[in-house]
Amino acid sequence: MKTFYITTPIYYANSLPHLGHLYTTIVADAIAKNKKQRGFDAYFLTGTDEHGINIQRIAEQNDQTPKQYVDYVSDEFKRIYRQFGLNGFDVFMRTTEPFHYEAVQNLWRQIAANRTPKGNETIYKGFYEAWFCPNCAEFKTEAEYELRAGEDAPRCLIHERTLDRVAEESYFFRLSDYSEFLLETIEKHRNLIRPEARRNEVVSFIKSGLQDLSISREKKSVYWGVPVPGDANHTIYLWVDALSNYITAIGYGNEERKSVGFEKYWSNVTHLVGKDILRFHTIYWFSFLHAANLKLPETVFAHGLWLDSHGRKMSKTLGNAIDLEFLHRNFSTDVIRYFVLREMVFGQDGKFGYESLIERTNADLASGLGNLSSRTLSMINKYRDGAIPSGKIQEHNYIYAKRAGISPDEQDLVSVLEHARDEFLRRFDNYEFSLALEILWTVIARIDKMISDAKPWELIKDENQAETLNAVLYRATETLRWLCVLLYPVMSEATAKIYAQIGLSEDVSKTNPENLSYAELKVGTKIGETEAVFPRIDKTKVMNEIKEQSKETKSNAEISNQTASAPNGDSRARNPTDVLINTAPTEEANGEDDFITIDDFLKVELRVGEIRVAERIPKADKLLRFEIDLGEEKPRQILAGLAEYYEPEKLIGRKVVVVANLKPRKMRGLESQGMICAASLENDEGEKPALATFIENVDIGARLK
RNA sequence: GCCCUUGUAGCUCAACGGUAGAGCGCGCGGCUCAUAAUCGCUAGGUUACAGGUUCGAAUCCUGUCGAGGGCACCA
């Protein structure tokens, strides 16, 4: 039996589920169902990644143990999955499972026992260096510190004190020895990384040079994770722990899961990932696997992000994120599943708008598939007492069939169906879900046309047309049966309903579409009770509700918590050497101490300056170089990131507000001796500066108080 | 600044180098089995632009412009 193993990423448990998670899981669910239908021994993994410093911290803030916290989050994922009909997975993997600990340690040992392709030790001890806050006693991630203009060291967002550059002992994986292996392998296997544009990116990243990877933290800074085997002072950090779930869950390196069948499933693996974590699933993961003498996956497919209807990224602050609860309340799971698969070209970004969701539902599902089913079954009820008539037309009746515009034999229809089926499966296998579905809708149109041409409501009046009418009804019903089988992986509930309405009792999930053959639908089958499978959606009504809803969410968003913050399908943040998540900084941390005294204010020396020189800096997209006259003996050189927003020539002569006593700082090799003040305007596209100026005439060098 | 992808009808997307199509939306007409569904017809294009290769280019090559992305950089 052919095997097939598909995975979603295991989602990082610092964030509650959002549309991005839902989408990846829907796609994987549909693929897994399709493979199982077709007789594959298929296995589908999804789950949560539950270790690391971020989980540790969030739990502490919530007065929970890390375990309590991740139990909560993974339950939330499961709950959302249930809500959206995501029942096709075979394991919900959690990295806190005891067997995973054992298996990760075994993987580590296996890797450590081997040599790199260049004959070096794979794992070695070194020092990991990062910004450290002594008050927190923690290393800080990119999202947890800010670098103020003019300062060399960033500050802790909580304590506002300058961070120290601290090194701690860490194990490293010698990733730098794997570049050639990776490039060769990626070159050789064209389907290894898809789509191609993403593959190119990975290749160019490798070519730019790989650094060795820190794969542990001292236990005193990160205890929430798997201990390094043979060195209890260290915790295995992030990628070795998280990525390896794909093998530990199916029995690598542990007894508990052995029965799942590692050898079997690891022979044909597909990882679906968001484009933001592609690099880790290729460069790191391939290298780890190679280092452990394991085979690489068949395909790692990076899909795009869902943008809002205007093509903007979704975020809590913009208030354009899709609220899953609301989505669930207003739309059935099948409608959503159909929409995301039909609307997004897999691999590219897609737009998610309620308006197009409603339009597509009404057009394709209510008016299309739903209505075809409804009109067909209702005619069988009305004209044939609810029993499916034979589709055969006897030769002496051919003349009548032709007269009604119906071809006497069904060969035309059979080839249409078979062709559509083959194309559907081909496209589906190639991740072209959108095109695959489109093909089936051409079949629906064809049957609608057949019915209109034949005019059953007239045939019923003519005794001689009894067989023609039968044929029309049979052909339409048989087509519906085929469609149900093919569409089951996409819309399991609706297809099951239609199937039942046709009067069929076998299990669609086990009907192999490849074996569909025409006229298997039994004559005389009593059709079941009929009702609308896809009720038409009242667009104006729902759109109004959405407007109401979004007002509420927008006002809630500001107060909302930090645990549900990661916006765009990323299960991990981007910087590999730092900690991973975009945990929103604790804004409440400020509160009423948030005042400064007049003395504090007077420390800042704000002065009026006139721009004498403004020019672009070669090879810098954002920076402009200014010479600003502050009434001092010499104009100051100041650099500012305004190049994207202002034409330098037009700024010459303009009077601006300058922070005059800022510590000088080098940027792009040039020293910046101050800072220009500007308002930061937030709009749909992000932030945009507006320079502070005066309406009145002001003297150069005047101080602002 | 380097690299990648992309530009086709109002919108979303198709089209082995061989007569540019579909769905939605718009306009008109027909029908009544059906969820105001469905069927027909009409409208809409110098395939971003300029060159080149070819008997033949939306497709291949070069350049320009626009859009998106990766890296560097910046935060």
# chains A, B, ... in the order shown; residues from 1 in each chain; ligands from 1
call {"tool": "interface_residues", "arguments": {"of": "chain B", "to": "chain A", "cutoff": "9 Å", "atoms": "only C-alpha atoms (C1' of nucleotides)", "output": "JSON list (two decimals) with N, CA and C atoms (P, O5', C5', C4', C3', O3' and C1' of nucleotides), in the first residue's frame"}}
result
[["chain", "number", "residue", "atom", "x", "y", "z"],
["B", 1, "G", "P", 19.20, 51.83, -5.74],
["B", 1, "G", "O5'", 20.18, 50.67, -5.24],
["B", 1, "G", "C5'", 21.56, 50.73, -5.59],
["B", 1, "G", "C4'", 22.25, 49.59, -4.91],
["B", 1, "G", "C3'", 21.81, 48.21, -5.38],
["B", 1, "G", "O3'", 22.49, 47.84, -6.56],
["B", 1, "G", "C1'", 21.86, 48.26, -3.01],
["B", 3, "C", "P", 21.30, 41.48, -9.04],
["B", 3, "C", "O5'", 20.41, 40.36, -8.34],
["B", 3, "C", "C5'", 20.97, 39.09, -8.05],
["B", 3, "C", "C4'", 20.00, 38.29, -7.22],
["B", 3, "C", "C3'", 18.64, 38.02, -7.85],
["B", 3, "C", "O3'", 18.67, 36.99, -8.81],
["B", 3, "C", "C1'", 18.34, 38.67, -5.61],
["B", 4, "C", "P", 17.56, 36.96, -9.98],
["B", 4, "C", "O5'", 16.26, 36.43, -9.22],
["B", 4, "C", "C5'", 16.24, 35.13, -8.64],
["B", 4, "C", "C4'", 14.95, 34.94, -7.89],
["B", 4, "C", "C3'", 13.69, 35.15, -8.72],
["B", 4, "C", "O3'", 13.37, 34.04, -9.51],
["B", 4, "C", "C1'", 13.48, 36.26, -6.65],
["B", 5, "U", "P", 12.55, 34.23, -10.88],
["B", 5, "U", "O5'", 11.09, 34.60, -10.37],
["B", 5, "U", "C5'", 10.31, 33.63, -9.67],
["B", 5, "U", "C4'", 9.06, 34.28, -9.14],
["B", 5, "U", "C3'", 8.16, 34.95, -10.18],
["B", 5, "U", "O3'", 7.35, 34.00, -10.84],
["B", 5, "U", "C1'", 8.41, 36.38, -8.33],
["B", 12, "U", "P", -8.21, 41.54, -8.62],
["B", 12, "U", "O5'", -8.71, 40.04, -8.61],
["B", 12, "U", "C5'", -9.18, 39.45, -7.40],
["B", 12, "U", "C4'", -9.47, 37.99, -7.64],
["B", 12, "U", "C3'", -8.35, 37.22, -8.33],
["B", 12, "U", "O3'", -7.34, 36.82, -7.43],
["B", 12, "U", "C1'", -10.43, 36.70, -9.36],
["B", 13, "C", "P", -5.91, 36.46, -7.97],
["B", 13, "C", "O5'", -6.30, 35.56, -9.22],
["B", 13, "C", "C5'", -5.44, 34.61, -9.76],
["B", 13, "C", "C4'", -6.28, 33.67, -10.58],
["B", 13, "C", "C3'", -5.59, 33.05, -11.79],
["B", 13, "C", "O3'", -4.79, 31.95, -11.39],
["B", 13, "C", "C1'", -7.75, 33.76, -12.41],
["B", 14, "A", "P", -3.60, 31.48, -12.30],
["B", 14, "A", "O5'", -4.31, 30.50, -13.33],
["B", 14, "A", "C5'", -4.65, 30.94, -14.61],
["B", 14, "A", "C4'", -5.42, 29.88, -15.32],
["B", 14, "A", "C3'", -4.72, 29.36, -16.57],
["B", 14, "A", "O3'", -3.93, 28.23, -16.30],
["B", 14, "A", "C1'", -6.86, 30.16, -17.13],
["B", 22, "A", "P", -15.41, 32.33, -22.69],
["B", 22, "A", "O5'", -15.27, 31.75, -21.21],
["B", 22, "A", "C5'", -15.33, 30.34, -20.99],
["B", 22, "A", "C4'", -15.09, 30.05, -19.54],
["B", 22, "A", "C3'", -15.96, 30.83, -18.57],
["B", 22, "A", "O3'", -17.23, 30.22, -18.42],
["B", 22, "A", "C1'", -13.71, 30.90, -17.84],
["B", 23, "G", "P", -18.47, 31.09, -17.96],
["B", 23, "G", "O5'", -18.17, 31.35, -16.42],
["B", 23, "G", "C5'", -18.24, 30.29, -15.47],
["B", 23, "G", "C4'", -17.82, 30.80, -14.11],
["B", 23, "G", "C3'", -18.56, 32.05, -13.65],
["B", 23, "G", "O3'", -19.80, 31.73, -13.05],
["B", 23, "G", "C1'", -16.24, 32.37, -13.35],
["B", 24, "C", "P", -21.01, 32.71, -13.18],
["B", 24, "C", "O5'", -20.57, 33.91, -12.23],
["B", 24, "C", "C5'", -20.41, 33.70, -10.83],
["B", 24, "C", "C4'", -19.80, 34.92, -10.20],
["B", 24, "C", "C3'", -20.54, 36.23, -10.47],
["B", 24, "C", "O3'", -21.66, 36.39, -9.61],
["B", 24, "C", "C1'", -18.23, 36.55, -10.80],
["B", 31, "C", "P", -40.91, 32.42, -22.19],
["B", 31, "C", "O5'", -40.28, 31.27, -21.30],
["B", 31, "C", "C5'", -40.07, 29.97, -21.85],
["B", 31, "C", "C4'", -39.37, 29.11, -20.83],
["B", 31, "C", "C3'", -40.14, 28.89, -19.54],
["B", 31, "C", "O3'", -41.05, 27.81, -19.67],
["B", 31, "C", "C1'", -37.92, 29.50, -19.03],
["B", 32, "U", "P", -42.38, 27.81, -18.86],
["B", 32, "U", "O5'", -41.88, 27.33, -17.43],
["B", 32, "U", "C5'", -41.28, 26.05, -17.26],
["B", 32, "U", "C4'", -40.76, 26.00, -15.84],
["B", 32, "U", "C3'", -41.88, 25.88, -14.80],
["B", 32, "U", "O3'", -41.57, 24.77, -14.00],
["B", 32, "U", "C1'", -40.42, 27.73, -14.34],
["B", 33, "C", "P", -42.63, 24.01, -13.17],
["B", 33, "C", "O5'", -41.63, 23.39, -12.10],
["B", 33, "C", "C5'", -41.69, 22.02, -11.79],
["B", 33, "C", "C4'", -40.34, 21.58, -11.31],
["B", 33, "C", "C3'", -39.64, 22.56, -10.39],
["B", 33, "C", "O3'", -40.13, 22.42, -9.08],
["B", 33, "C", "C1'", -38.10, 21.71, -11.98],
["B", 34, "A", "P", -40.22, 23.67, -8.13],
["B", 34, "A", "O5'", -38.69, 23.93, -7.77],
["B", 34, "A", "C5'", -37.99, 22.96, -6.99],
["B", 34, "A", "C4'", -36.55, 23.40, -6.89],
["B", 34, "A", "C3'", -36.39, 24.82, -6.33],
["B", 34, "A", "O3'", -36.21, 24.73, -4.93],
["B", 34, "A", "C1'", -35.13, 24.55, -8.34],
["B", 35, "U", "P", -36.91, 25.75, -3.96],
["B", 35, "U", "O5'", -35.77, 26.85, -3.82],
["B", 35, "U", "C5'", -35.92, 27.88, -2.87],
["B", 35, "U", "C4'", -34.61, 28.66, -2.82],
["B", 35, "U", "C3'", -34.13, 29.16, -4.16],
["B", 35, "U", "O3'", -33.90, 30.56, -4.04],
["B", 35, "U", "C1'", -32.39, 28.16, -2.93],
["B", 37, "A", "P", -30.52, 34.70, -7.50],
["B", 37, "A", "O5'", -30.05, 33.22, -7.76],
["B", 37, "A", "C5'", -30.32, 32.61, -8.98],
["B", 37, "A", "C4'", -30.47, 31.14, -8.71],
["B", 37, "A", "C3'", -30.23, 30.28, -9.93],
["B", 37, "A", "O3'", -28.87, 29.89, -10.01],
["B", 37, "A", "C1'", -32.33, 29.78, -8.99],
["B", 38, "U", "P", -27.91, 30.38, -11.09],
["B", 38, "U", "O5'", -28.36, 29.52, -12.35],
["B", 38, "U", "C5'", -28.47, 28.11, -12.25],
["B", 38, "U", "C4'", -29.36, 27.61, -13.35],
["B", 38, "U", "C3'", -28.98, 28.12, -14.73],
["B", 38, "U", "O3'", -27.98, 27.32, -15.31],
["B", 38, "U", "C1'", -31.30, 28.45, -14.39],
["B", 39, "C", "P", -26.90, 27.93, -16.26],
["B", 39, "C", "O5'", -27.69, 28.06, -17.64],
["B", 39, "C", "C5'", -28.17, 26.90, -18.29],
["B", 39, "C", "C4'", -28.96, 27.29, -19.51],
["B", 39, "C", "C3'", -28.30, 28.35, -20.41],
["B", 39, "C", "O3'", -27.36, 27.78, -21.28],
["B", 39, "C", "C1'", -30.53, 28.96, -20.01],
["B", 70, "G", "P", 9.46, 39.27, 3.13],
["B", 70, "G", "O5'", 10.76, 38.56, 2.55],
["B", 70, "G", "C5'", 10.94, 37.16, 2.68],
["B", 70, "G", "C4'", 12.29, 36.77, 2.15],
["B", 70, "G", "C3'", 13.47, 37.49, 2.79],
["B", 70, "G", "O3'", 13.84, 36.91, 4.02],
["B", 70, "G", "C1'", 13.72, 37.54, 0.45],
["B", 71, "C", "P", 14.44, 37.83, 5.15],
["B", 71, "C", "O5'", 15.87, 38.19, 4.56],
["B", 71, "C", "C5'", 16.87, 37.19, 4.41],
["B", 71, "C", "C4'", 18.07, 37.76, 3.70],
["B", 71, "C", "C3'", 18.73, 38.96, 4.35],
["B", 71, "C", "O3'", 19.55, 38.60, 5.44],
["B", 71, "C", "C1'", 18.54, 39.35, 2.04],
["B", 73, "C", "P", 23.18, 43.92, 7.97],
["B", 73, "C", "O5'", 22.50, 45.32, 7.67],
["B", 73, "C", "C5'", 23.25, 46.40, 7.10],
["B", 73, "C", "C4'", 22.30, 47.49, 6.68],
["B", 73, "C", "C3'", 21.50, 48.14, 7.82],
["B", 73, "C", "O3'", 22.22, 49.13, 8.52],
["B", 73, "C", "C1'", 20.03, 47.59, 6.06],
["B", 74, "C", "P", 21.94, 49.34, 10.08],
["B", 74, "C", "O5'", 20.43, 49.85, 10.10],
["B", 74, "C", "C5'", 20.13, 51.18, 9.66],
["B", 74, "C", "C4'", 18.65, 51.34, 9.46],
["B", 74, "C", "C3'", 17.81, 51.39, 10.73],
["B", 74, "C", "O3'", 17.81, 52.69, 11.31],
["B", 74, "C", "C1'", 16.79, 49.92, 9.20],
["B", 75, "A", "P", 17.69, 52.82, 12.90],
["B", 75, "A", "O5'", 16.39, 51.99, 13.27],
["B", 75, "A", "C5'", 15.14, 52.57, 13.27],
["B", 75, "A", "C4'", 14.07, 51.48, 13.26],
["B", 75, "A", "C3'", 13.19, 51.50, 14.52],
["B", 75, "A", "O3'", 11.92, 52.05, 14.12],
["B", 75, "A", "C1'", 13.73, 49.26, 13.85]]
call {"tool": "select_by_dssp", "arguments": {"residues": "region 215-440 of chain A", "states": "strand (DSSP E)", "output": "list in words"}}
result
Ser216, Arg217, Glu218, Pro227, Val228, Asp231, Ala232, Asn233, His234, Thr235, Ile236, Val269, Thr270, His271, Leu272, Val273, Gly274, Thr299, Val300, Phe301, Ala302, His303, Trp306, Leu307, Gly350 and Lys351 of chain A
call {"tool": "write_last_selection", "arguments": {"atoms": "C-alpha atoms", "output": "mmCIF file, in the first residue's frame"}}
result
data_model
loop_
_atom_site.group_PDB
_atom_site.id
_atom_site.type_symbol
_atom_site.label_atom_id
_atom_site.label_comp_id
_atom_site.auth_asym_id
_atom_site.auth_seq_id
_atom_site.Cartn_x
_atom_site.Cartn_y
_atom_site.Cartn_z
ATOM 1 C CA SER A 216 20.731 24.868 23.676
ATOM 2 C CA ARG A 217 20.342 27.307 26.561
ATOM 3 C CA GLU A 218 21.625 27.081 30.051
ATOM 4 C CA PRO A 227 17.333 18.561 28.870
ATOM 5 C CA VAL A 228 20.434 18.029 26.776
ATOM 6 C CA ASP A 231 24.383 17.629 30.440
ATOM 7 C CA ALA A 232 21.561 18.519 32.789
ATOM 8 C CA ASN A 233 22.666 22.147 32.934
ATOM 9 C CA HIS A 234 21.443 22.711 29.422
ATOM 10 C CA THR A 235 18.053 22.692 27.791
ATOM 11 C CA ILE A 236 17.582 21.779 24.137
ATOM 12 C CA VAL A 269 6.539 13.101 3.766
ATOM 13 C CA THR A 270 4.926 16.413 2.961
ATOM 14 C CA HIS A 271 5.277 19.385 5.270
ATOM 15 C CA LEU A 272 2.930 22.296 4.818
ATOM 16 C CA VAL A 273 4.284 25.510 6.285
ATOM 17 C CA GLY A 274 3.638 29.216 6.209
ATOM 18 C CA THR A 299 8.094 18.220 -0.308
ATOM 19 C CA VAL A 300 8.020 21.226 1.930
ATOM 20 C CA PHE A 301 5.329 23.495 0.570
ATOM 21 C CA ALA A 302 5.172 27.105 1.737
ATOM 22 C CA HIS A 303 1.801 28.728 1.330
ATOM 23 C CA TRP A 306 -4.303 35.699 4.107
ATOM 24 C CA LEU A 307 -4.586 39.429 3.641
ATOM 25 C CA GLY A 350 -4.824 35.581 -0.839
ATOM 26 C CA LYS A 351 -7.469 38.061 0.152
#
call {"tool": "select_by_dssp", "arguments": {"residues": "region 147-295 of chain A", "states": "helix (DSSP H, G or I)", "output": "PyMOL selection string"}}
result
chain A and resi 175-188+196-207+239-243+245-248+258-260+262-265+275-291
call {"tool": "write_last_selection", "arguments": {"atoms": "C-alpha atoms", "output": "PDB file, in the first residue's frame"}}
result
ATOM      1  CA  LEU A 175      25.209  24.174  10.193  1.00  0.00           C
ATOM      2  CA  SER A 176      27.967  25.885   8.243  1.00  0.00           C
ATOM      3  CA  ASP A 177      29.230  22.475   7.098  1.00  0.00           C
ATOM      4  CA  TYR A 178      25.958  21.678   5.366  1.00  0.00           C
ATOM      5  CA  SER A 179      25.748  24.379   2.703  1.00  0.00           C
ATOM      6  CA  GLU A 180      27.037  22.232  -0.131  1.00  0.00           C
ATOM      7  CA  PHE A 181      24.881  19.309   0.848  1.00  0.00           C
ATOM      8  CA  LEU A 182      21.816  21.525   0.956  1.00  0.00           C
ATOM      9  CA  LEU A 183      22.495  23.244  -2.343  1.00  0.00           C
ATOM     10  CA  GLU A 184      23.133  19.971  -4.139  1.00  0.00           C
ATOM     11  CA  THR A 185      20.077  18.304  -2.707  1.00  0.00           C
ATOM     12  CA  ILE A 186      17.758  21.214  -3.400  1.00  0.00           C
ATOM     13  CA  GLU A 187      19.108  21.463  -6.907  1.00  0.00           C
ATOM     14  CA  LYS A 188      18.546  17.791  -7.554  1.00  0.00           C
ATOM     15  CA  GLU A 196       9.688  27.729  -6.906  1.00  0.00           C
ATOM     16  CA  ALA A 197       9.959  31.360  -5.867  1.00  0.00           C
ATOM     17  CA  ARG A 198      10.352  30.252  -2.270  1.00  0.00           C
ATOM     18  CA  ARG A 199      12.879  27.670  -3.281  1.00  0.00           C
ATOM     19  CA  ASN A 200      14.977  30.380  -4.888  1.00  0.00           C
ATOM     20  CA  GLU A 201      14.850  32.363  -1.699  1.00  0.00           C
ATOM     21  CA  VAL A 202      16.097  29.472   0.339  1.00  0.00           C
ATOM     22  CA  VAL A 203      18.902  28.844  -2.140  1.00  0.00           C
ATOM     23  CA  SER A 204      19.996  32.442  -2.084  1.00  0.00           C
ATOM     24  CA  PHE A 205      19.899  32.449   1.683  1.00  0.00           C
ATOM     25  CA  ILE A 206      22.179  29.421   1.814  1.00  0.00           C
ATOM     26  CA  LYS A 207      24.516  30.970  -0.708  1.00  0.00           C
ATOM     27  CA  TRP A 239      14.471  23.883  16.592  1.00  0.00           C
ATOM     28  CA  VAL A 240      15.853  20.505  17.470  1.00  0.00           C
ATOM     29  CA  ASP A 241      12.986  20.129  19.896  1.00  0.00           C
ATOM     30  CA  ALA A 242      10.204  21.503  17.710  1.00  0.00           C
ATOM     31  CA  LEU A 243      11.079  20.200  14.246  1.00  0.00           C
ATOM     32  CA  ASN A 245       8.196  16.289  16.532  1.00  0.00           C
ATOM     33  CA  TYR A 246       7.482  15.207  12.968  1.00  0.00           C
ATOM     34  CA  ILE A 247       9.532  12.071  13.509  1.00  0.00           C
ATOM     35  CA  THR A 248       9.091  11.455  17.210  1.00  0.00           C
ATOM     36  CA  LYS A 258       6.698   2.855  17.632  1.00  0.00           C
ATOM     37  CA  SER A 259       3.540   1.135  16.510  1.00  0.00           C
ATOM     38  CA  VAL A 260       2.575   4.129  14.378  1.00  0.00           C
ATOM     39  CA  PHE A 262       8.236   5.532  11.516  1.00  0.00           C
ATOM     40  CA  GLU A 263       9.877   3.618   8.664  1.00  0.00           C
ATOM     41  CA  LYS A 264       6.615   3.376   6.818  1.00  0.00           C
ATOM     42  CA  TYR A 265       5.496   6.982   6.970  1.00  0.00           C
ATOM     43  CA  LYS A 275       6.181  31.090   4.167  1.00  0.00           C
ATOM     44  CA  ASP A 276       7.537  32.716   7.311  1.00  0.00           C
ATOM     45  CA  ILE A 277       8.922  29.475   8.685  1.00  0.00           C
ATOM     46  CA  LEU A 278      10.065  27.919   5.441  1.00  0.00           C
ATOM     47  CA  ARG A 279      13.710  28.520   6.128  1.00  0.00           C
ATOM     48  CA  PHE A 280      13.658  26.556   9.349  1.00  0.00           C
ATOM     49  CA  HIS A 281      11.800  23.692   7.775  1.00  0.00           C
ATOM     50  CA  THR A 282      14.308  23.442   4.996  1.00  0.00           C
ATOM     51  CA  ILE A 283      17.778  24.576   5.984  1.00  0.00           C
ATOM     52  CA  TYR A 284      17.707  23.531   9.632  1.00  0.00           C
ATOM     53  CA  TRP A 285      15.468  20.544   9.319  1.00  0.00           C
ATOM     54  CA  PHE A 286      17.180  19.054   6.276  1.00  0.00           C
ATOM     55  CA  SER A 287      20.534  19.435   7.975  1.00  0.00           C
ATOM     56  CA  PHE A 288      19.370  17.829  11.204  1.00  0.00           C
ATOM     57  CA  LEU A 289      17.871  14.935   9.301  1.00  0.00           C
ATOM     58  CA  HIS A 290      20.973  14.460   7.237  1.00  0.00           C
ATOM     59  CA  ALA A 291      23.105  14.613  10.360  1.00  0.00           C
TER      60      ALA A 291
END
call {"tool": "residues_around", "arguments": {"residues": "U8 (chain B)", "least_positions_apart": "6", "cutoff": "9 Å", "atoms": "only C-alpha atoms (C1' of nucleotides)", "output": "tab-separated table (two decimals) with C-alpha atoms (C1' of nucleotides), in the first residue's frame"}}
result
chain	number	residue	atom	x	y	z
B	20	A	C1'	-6.54	35.14	-26.01
B	45	G	C1'	-8.38	43.17	-24.58
B	47	U	C1'	-1.95	40.30	-22.98
B	58	A	C1'	0.62	36.41	-23.49
call {"tool": "residues_around", "arguments": {"residues": "C60 (chain B)", "least_positions_apart": "2", "cutoff": "9 Å", "atoms": "only C-alpha atoms (C1' of nucleotides)", "output": "ChimeraX atom specification"}}
result
/B:17,53,57
call {"tool": "write_last_selection", "arguments": {"atoms": "C-alpha atoms (C1' of nucleotides)", "output": "short mmCIF file (atom, residue, chain, number, x, y, z; two decimals), in the first residue's frame"}}
result
data_model
loop_
_atom_site.label_atom_id
_atom_site.label_comp_id
_atom_site.auth_asym_id
_atom_site.auth_seq_id
_atom_site.Cartn_x
_atom_site.Cartn_y
_atom_site.Cartn_z
"C1'" G B 17 5.59 28.63 -28.83
"C1'" U B 53 14.47 35.52 -31.61
"C1'" A B 57 5.15 35.21 -28.97
#
